[in-house]
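Have a look at my_file_0.cif; it's mmCIF, N, CA, C and O atoms:
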data_target
#
loop_
_atom_site.label_atom_id
_atom_site.label_comp_id
_atom_site.auth_asym_id
_atom_site.auth_seq_id
_atom_site.Cartn_x
_atom_site.Cartn_y
_atom_site.Cartn_z
N MET A 1 -1.83 -101.19 69.31
CA MET A 1 -2.25 -100.47 68.13
C MET A 1 -3.68 -100.91 67.78
O MET A 1 -3.98 -102.09 67.80
N PRO A 2 -4.56 -99.96 67.44
CA PRO A 2 -5.94 -100.31 67.10
C PRO A 2 -6.02 -101.22 65.88
O PRO A 2 -5.27 -101.08 64.93
N THR A 3 -6.96 -102.17 65.93
CA THR A 3 -7.15 -103.14 64.86
C THR A 3 -8.56 -102.99 64.31
O THR A 3 -9.53 -102.95 65.06
N ASP A 4 -8.67 -102.89 62.98
CA ASP A 4 -9.96 -102.73 62.31
C ASP A 4 -10.19 -103.88 61.32
O ASP A 4 -9.25 -104.39 60.72
N ARG A 5 -11.45 -104.28 61.14
CA ARG A 5 -11.81 -105.27 60.13
C ARG A 5 -12.18 -104.51 58.87
O ARG A 5 -12.88 -103.50 58.92
N LEU A 6 -11.71 -105.02 57.72
CA LEU A 6 -11.95 -104.36 56.43
C LEU A 6 -12.88 -105.20 55.57
O LEU A 6 -12.80 -106.42 55.57
N HIS A 7 -13.75 -104.53 54.83
CA HIS A 7 -14.53 -105.20 53.79
C HIS A 7 -14.73 -104.22 52.65
O HIS A 7 -14.65 -103.01 52.84
N ASP A 8 -14.96 -104.77 51.44
CA ASP A 8 -15.17 -103.89 50.29
C ASP A 8 -16.67 -103.63 50.12
O ASP A 8 -17.49 -104.12 50.90
N ALA A 9 -17.02 -102.87 49.10
CA ALA A 9 -18.41 -102.47 48.89
C ALA A 9 -19.34 -103.64 48.62
O ALA A 9 -20.54 -103.55 48.84
N THR A 10 -18.80 -104.77 48.15
CA THR A 10 -19.64 -105.95 47.90
C THR A 10 -19.80 -106.80 49.15
O THR A 10 -20.50 -107.80 49.14
N GLY A 11 -19.13 -106.42 50.24
CA GLY A 11 -19.23 -107.17 51.48
C GLY A 11 -18.17 -108.21 51.68
O GLY A 11 -18.18 -108.92 52.68
N ASP A 12 -17.24 -108.34 50.72
CA ASP A 12 -16.16 -109.32 50.87
C ASP A 12 -15.26 -108.94 52.04
O ASP A 12 -14.84 -107.79 52.16
N ASP A 13 -14.98 -109.90 52.90
CA ASP A 13 -14.10 -109.69 54.05
C ASP A 13 -12.65 -109.66 53.57
O ASP A 13 -12.17 -110.61 52.96
N LEU A 14 -11.96 -108.57 53.84
CA LEU A 14 -10.56 -108.41 53.42
C LEU A 14 -9.59 -108.66 54.57
O LEU A 14 -8.39 -108.51 54.39
N GLY A 15 -10.11 -109.01 55.73
CA GLY A 15 -9.25 -109.29 56.87
C GLY A 15 -9.17 -108.11 57.83
O GLY A 15 -10.00 -107.22 57.80
N VAL A 16 -8.16 -108.14 58.66
CA VAL A 16 -7.98 -107.08 59.65
C VAL A 16 -6.69 -106.34 59.38
O VAL A 16 -5.76 -106.86 58.76
N THR A 17 -6.64 -105.11 59.85
CA THR A 17 -5.45 -104.29 59.70
C THR A 17 -5.23 -103.51 60.98
O THR A 17 -6.17 -103.22 61.72
N GLU A 18 -3.98 -103.21 61.26
CA GLU A 18 -3.65 -102.33 62.37
C GLU A 18 -3.35 -100.95 61.81
O GLU A 18 -2.76 -100.82 60.74
N HIS A 19 -3.77 -99.94 62.52
CA HIS A 19 -3.53 -98.56 62.11
C HIS A 19 -3.21 -97.75 63.35
O HIS A 19 -3.87 -97.91 64.37
N PRO A 20 -2.21 -96.88 63.29
CA PRO A 20 -1.81 -96.16 64.50
C PRO A 20 -2.89 -95.22 65.05
O PRO A 20 -2.92 -94.95 66.24
N ALA A 21 -3.80 -94.74 64.20
CA ALA A 21 -4.84 -93.83 64.66
C ALA A 21 -6.05 -94.63 65.17
O ALA A 21 -6.52 -95.53 64.48
N PRO A 22 -6.56 -94.30 66.34
CA PRO A 22 -7.72 -95.03 66.87
C PRO A 22 -9.04 -94.60 66.21
O PRO A 22 -10.05 -95.24 66.40
N ASN A 23 -9.01 -93.53 65.45
CA ASN A 23 -10.24 -92.98 64.88
C ASN A 23 -10.15 -92.90 63.35
O ASN A 23 -10.30 -91.84 62.77
N VAL A 24 -9.95 -94.03 62.68
CA VAL A 24 -9.89 -94.06 61.22
C VAL A 24 -11.26 -93.65 60.68
O VAL A 24 -12.29 -94.14 61.13
N GLU A 25 -11.25 -92.73 59.72
CA GLU A 25 -12.48 -92.17 59.17
C GLU A 25 -12.45 -92.23 57.65
O GLU A 25 -11.38 -92.41 57.06
N PRO A 26 -13.61 -92.05 56.98
CA PRO A 26 -13.63 -91.99 55.52
C PRO A 26 -12.62 -90.96 55.01
O PRO A 26 -12.49 -89.87 55.56
N GLY A 27 -11.90 -91.34 53.96
CA GLY A 27 -10.85 -90.49 53.40
C GLY A 27 -9.46 -90.91 53.83
O GLY A 27 -8.48 -90.56 53.18
N ASP A 28 -9.36 -91.66 54.92
CA ASP A 28 -8.06 -92.16 55.39
C ASP A 28 -7.63 -93.33 54.52
O ASP A 28 -8.46 -94.02 53.92
N VAL A 29 -6.34 -93.58 54.45
CA VAL A 29 -5.80 -94.71 53.71
C VAL A 29 -5.22 -95.70 54.71
O VAL A 29 -4.50 -95.33 55.62
N VAL A 30 -5.58 -96.98 54.54
CA VAL A 30 -5.07 -98.07 55.39
C VAL A 30 -4.45 -99.13 54.48
O VAL A 30 -4.64 -99.12 53.27
N MET A 31 -3.72 -100.04 55.06
CA MET A 31 -3.11 -101.14 54.31
C MET A 31 -3.92 -102.41 54.55
O MET A 31 -4.31 -102.71 55.68
N THR A 32 -4.17 -103.16 53.48
CA THR A 32 -4.83 -104.45 53.61
C THR A 32 -3.80 -105.47 54.09
O THR A 32 -2.60 -105.23 54.00
N PRO A 33 -4.25 -106.62 54.59
CA PRO A 33 -3.30 -107.63 55.05
C PRO A 33 -2.32 -108.09 53.96
O PRO A 33 -1.20 -108.49 54.27
N ASP A 34 -2.71 -107.99 52.67
CA ASP A 34 -1.80 -108.40 51.60
C ASP A 34 -0.93 -107.26 51.08
O ASP A 34 -0.24 -107.40 50.07
N GLY A 35 -0.95 -106.11 51.76
CA GLY A 35 -0.04 -105.02 51.44
C GLY A 35 -0.55 -103.98 50.47
O GLY A 35 0.18 -103.05 50.11
N ARG A 36 -1.80 -104.09 50.03
CA ARG A 36 -2.35 -103.07 49.13
C ARG A 36 -2.89 -101.90 49.94
O ARG A 36 -3.33 -102.05 51.07
N GLU A 37 -2.87 -100.71 49.33
CA GLU A 37 -3.45 -99.54 49.96
C GLU A 37 -4.95 -99.54 49.71
O GLU A 37 -5.41 -99.94 48.64
N ALA A 38 -5.72 -99.08 50.71
CA ALA A 38 -7.17 -99.03 50.58
C ALA A 38 -7.68 -97.72 51.15
O ALA A 38 -7.27 -97.30 52.23
N LEU A 39 -8.55 -97.08 50.40
CA LEU A 39 -9.17 -95.84 50.84
C LEU A 39 -10.41 -96.18 51.64
O LEU A 39 -11.29 -96.91 51.17
N VAL A 40 -10.51 -95.67 52.85
CA VAL A 40 -11.69 -95.90 53.68
C VAL A 40 -12.84 -95.08 53.12
O VAL A 40 -12.74 -93.87 52.99
N THR A 41 -13.93 -95.76 52.74
CA THR A 41 -15.09 -95.08 52.20
C THR A 41 -16.20 -94.90 53.24
O THR A 41 -17.03 -94.04 53.09
N ALA A 42 -16.19 -95.74 54.27
CA ALA A 42 -17.20 -95.62 55.33
C ALA A 42 -16.73 -96.33 56.59
O ALA A 42 -16.06 -97.36 56.51
N ARG A 43 -17.08 -95.75 57.71
CA ARG A 43 -16.89 -96.42 59.00
C ARG A 43 -18.25 -97.01 59.32
O ARG A 43 -19.18 -96.31 59.70
N VAL A 44 -18.40 -98.32 59.12
CA VAL A 44 -19.70 -98.97 59.18
C VAL A 44 -20.18 -99.16 60.60
O VAL A 44 -21.33 -98.89 60.91
N ASP A 45 -19.32 -99.64 61.48
CA ASP A 45 -19.77 -99.96 62.82
C ASP A 45 -18.58 -100.02 63.75
O ASP A 45 -17.50 -100.45 63.36
N ASP A 46 -18.78 -99.57 64.97
CA ASP A 46 -17.77 -99.76 66.00
C ASP A 46 -17.91 -101.18 66.49
O ASP A 46 -19.01 -101.68 66.69
N GLU A 47 -16.80 -101.87 66.63
CA GLU A 47 -16.80 -103.28 67.01
C GLU A 47 -16.58 -103.43 68.52
O GLU A 47 -15.70 -102.78 69.07
N PRO A 48 -17.34 -104.27 69.17
CA PRO A 48 -17.05 -104.57 70.57
C PRO A 48 -15.84 -105.51 70.64
O PRO A 48 -15.57 -106.26 69.71
N GLY A 49 -15.10 -105.44 71.70
CA GLY A 49 -13.98 -106.36 71.88
C GLY A 49 -12.68 -105.81 71.33
O GLY A 49 -12.48 -104.60 71.29
N PRO A 50 -11.81 -106.70 70.85
CA PRO A 50 -10.47 -106.28 70.45
C PRO A 50 -10.43 -105.46 69.16
O PRO A 50 -9.48 -104.73 68.93
N LEU A 51 -11.45 -105.57 68.29
CA LEU A 51 -11.45 -104.77 67.07
C LEU A 51 -12.03 -103.39 67.35
O LEU A 51 -12.95 -103.24 68.14
N THR A 52 -11.48 -102.37 66.68
CA THR A 52 -11.93 -101.00 66.89
C THR A 52 -13.17 -100.69 66.06
O THR A 52 -14.13 -100.11 66.55
N ALA A 53 -13.16 -101.07 64.76
CA ALA A 53 -14.27 -100.72 63.87
C ALA A 53 -14.32 -101.66 62.68
O ALA A 53 -13.35 -102.34 62.36
N LEU A 54 -15.48 -101.64 62.01
CA LEU A 54 -15.64 -102.30 60.72
C LEU A 54 -15.60 -101.19 59.69
O LEU A 54 -16.37 -100.24 59.75
N LEU A 55 -14.65 -101.29 58.74
CA LEU A 55 -14.45 -100.24 57.75
C LEU A 55 -14.75 -100.75 56.35
O LEU A 55 -14.32 -101.85 55.99
N GLU A 56 -15.48 -99.97 55.56
CA GLU A 56 -15.65 -100.28 54.14
C GLU A 56 -14.55 -99.55 53.39
O GLU A 56 -14.30 -98.36 53.65
N VAL A 57 -13.89 -100.25 52.47
CA VAL A 57 -12.76 -99.66 51.77
C VAL A 57 -12.85 -99.89 50.27
O VAL A 57 -13.50 -100.82 49.80
N ALA A 58 -12.17 -99.03 49.51
CA ALA A 58 -11.95 -99.20 48.08
C ALA A 58 -10.47 -99.51 47.93
O ALA A 58 -9.63 -98.74 48.38
N VAL A 59 -10.15 -100.65 47.35
CA VAL A 59 -8.77 -101.12 47.28
C VAL A 59 -8.13 -100.70 45.97
O VAL A 59 -8.70 -100.90 44.89
N ALA A 60 -6.93 -100.13 46.07
CA ALA A 60 -6.17 -99.78 44.88
C ALA A 60 -5.63 -101.05 44.24
O ALA A 60 -5.18 -101.95 44.96
N PRO A 61 -5.65 -101.16 42.92
CA PRO A 61 -5.16 -102.38 42.28
C PRO A 61 -3.66 -102.57 42.44
O PRO A 61 -3.18 -103.69 42.47
N THR A 62 -2.92 -101.49 42.55
CA THR A 62 -1.48 -101.55 42.76
C THR A 62 -1.12 -100.48 43.77
O THR A 62 -1.88 -99.53 43.97
N PRO A 63 0.04 -100.56 44.40
CA PRO A 63 0.43 -99.51 45.34
C PRO A 63 0.44 -98.14 44.66
O PRO A 63 0.85 -98.01 43.52
N LEU A 64 -0.06 -97.14 45.36
CA LEU A 64 -0.10 -95.78 44.84
C LEU A 64 1.24 -95.10 45.00
O LEU A 64 1.98 -95.39 45.92
N THR A 65 1.51 -94.16 44.10
CA THR A 65 2.68 -93.29 44.28
C THR A 65 2.16 -91.95 44.76
O THR A 65 0.95 -91.71 44.77
N SER A 66 3.04 -91.06 45.13
CA SER A 66 2.63 -89.80 45.71
C SER A 66 1.82 -88.93 44.76
O SER A 66 1.08 -88.07 45.19
N HIS A 67 1.92 -89.12 43.44
CA HIS A 67 1.19 -88.29 42.49
C HIS A 67 -0.06 -88.97 41.93
O HIS A 67 -0.74 -88.42 41.10
N GLU A 68 -0.41 -90.15 42.42
CA GLU A 68 -1.59 -90.86 41.94
C GLU A 68 -2.69 -90.83 42.98
O GLU A 68 -2.46 -90.58 44.15
N SER A 69 -3.91 -91.09 42.53
CA SER A 69 -5.06 -91.11 43.42
C SER A 69 -6.02 -92.19 42.96
O SER A 69 -6.08 -92.51 41.77
N ILE A 70 -6.79 -92.77 43.91
CA ILE A 70 -7.80 -93.76 43.52
C ILE A 70 -9.19 -93.13 43.45
O ILE A 70 -10.16 -93.81 43.26
N ALA A 71 -9.25 -91.83 43.62
CA ALA A 71 -10.54 -91.14 43.55
C ALA A 71 -11.00 -90.98 42.12
O ALA A 71 -10.28 -90.99 41.20
#

Now, as a test, write the supplied structure out as structure tokens.
Amino acid sequence: MPTDRLHDATGDDLGVTEHPAPNVEPGDVVMTPDGREALVTARVDDEPGPLTALLEVAVAPTPLTSHESIA
């Protein structure tokens, strides 16, 4: 499964996550290592080696329900 490194808009490293899609793009939702949902805001760089990409994300403060949005 593809593995991506996550960071927020301030540059804080949020760790790595696995996602079934190899082409995660802005607008996709991924899970942080601590189980929070995060909206991908930018695909910053493709990573050489075992990581697929460096993704900038906006993290939801609590898990989202189907009728909520972090936009």

Evaluated on this file, the PyMOL selection byres ((chain A and resi 22-24) around 7) picks out some residues - which ones are they, written as number ranges by chain?
A: 2, 19-21, 25-26, 28, 42-43, 52-53

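The two atoms in question, CA of Met1 in chain A and CA of Val59 in chain A, are spaced 21.9 Å apart.
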
Let me know the centre plus edge lengths, in Å and rounded to one decimal, of a box with edges along x, y and z that contains all listed atoms of range 16-25 of chain A and is padded by 3 Å on every side, as lines of an AutoDock Vina configuration file.
center_x = -7.1
center_y = -100.0
center_z = 62.0
size_x = 16.7
size_y = 22.3
size_z = 15.8

I want to know what sits within 7 Å of Glu56 in chain A, based on only C-alpha atoms, with residues of the same chain fewer than 4 positions away left out; could you give that as a PyMOL selection string?
chain A and resi 6-9+40-44

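Residues matched by the PyMOL selection byres ((chain A and resi 33-35) around 7) in this file are Leu14, Gly15, Val16, Thr17, Val30, Met31, Thr32, Arg36, Glu37, Thr62 and Pro63 of chain A.
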